[in-house]
Amino acid sequence: MSSQQTCSYLLANLDPVLCPDPWVFDHIAEGAPSNLNIATLFALIQESEGSTLIRRAPAGTNSLPMSQPTFAKITLQVCSDLEAVGLTAAVAQALTDINMCANVVAAALHDHIFVPYERRFEAIDCLKVLSVSAQQLQPKD
């Protein structure tokens, strides 16, 4: 299967699922102490300047103003190949078209898109439209 067909298949089968919890990105400088609670952690990314933690926001965050932005996590249920070409670009472009930032974390089986929490439903709608459009372009058997 060509990479274009693979991307078309992936887009047609996105099946985006919204996690109801808000998420935050925390930066911990190199050598700084942290109160790491594994139960709230989605990802730990090590960078030369320190570590970035992607974790569930503290309880009550979705109704209280915070000093840091909160994000919604959308998991694309389609099993994506880490070597697939174009999926991340197509998803990012669709969200760019509605002027929405997107932070993508690719894992072995699924891609996870972090979007502004207050725009989460708009993001889900956008990704569903993208998927339906790709479905309409799929060859009929």
# chains A, B, ... in the order shown; residues from 1 in each chain; ligands from 1

call {"tool": "residues_around", "arguments": {"residues": "Thr40 (chain A)", "least_positions_apart": "3", "cutoff": "9 Å", "atoms": "only C-alpha atoms", "output": "list in words"}}
result
Leu36, Asn37, Ile54, Arg55, Arg56, Ala57 and Pro58 of chain A

call {"tool": "select_by_dssp", "arguments": {"residues": "chain A", "states": "alpha helix (DSSP H)", "output": "PyMOL selection string"}}
result
chain A and resi 3-12+87-97+120-137

call {"tool": "residues_around", "arguments": {"residues": "region 15-29 of chain A", "least_positions_apart": "5", "cutoff": "9 Å", "atoms": "only C-alpha atoms", "output": "MDAnalysis selection string"}}
result
chainID A and resid 34 42 49:58 61:62 68:78 114 117 120:121 124 127:128 131

call {"tool": "atom_distance", "arguments": {"atom1": "CA of Asp125 (chain A)", "atom2": "CA of Pro139 (chain A)"}}
result
23.9 Å
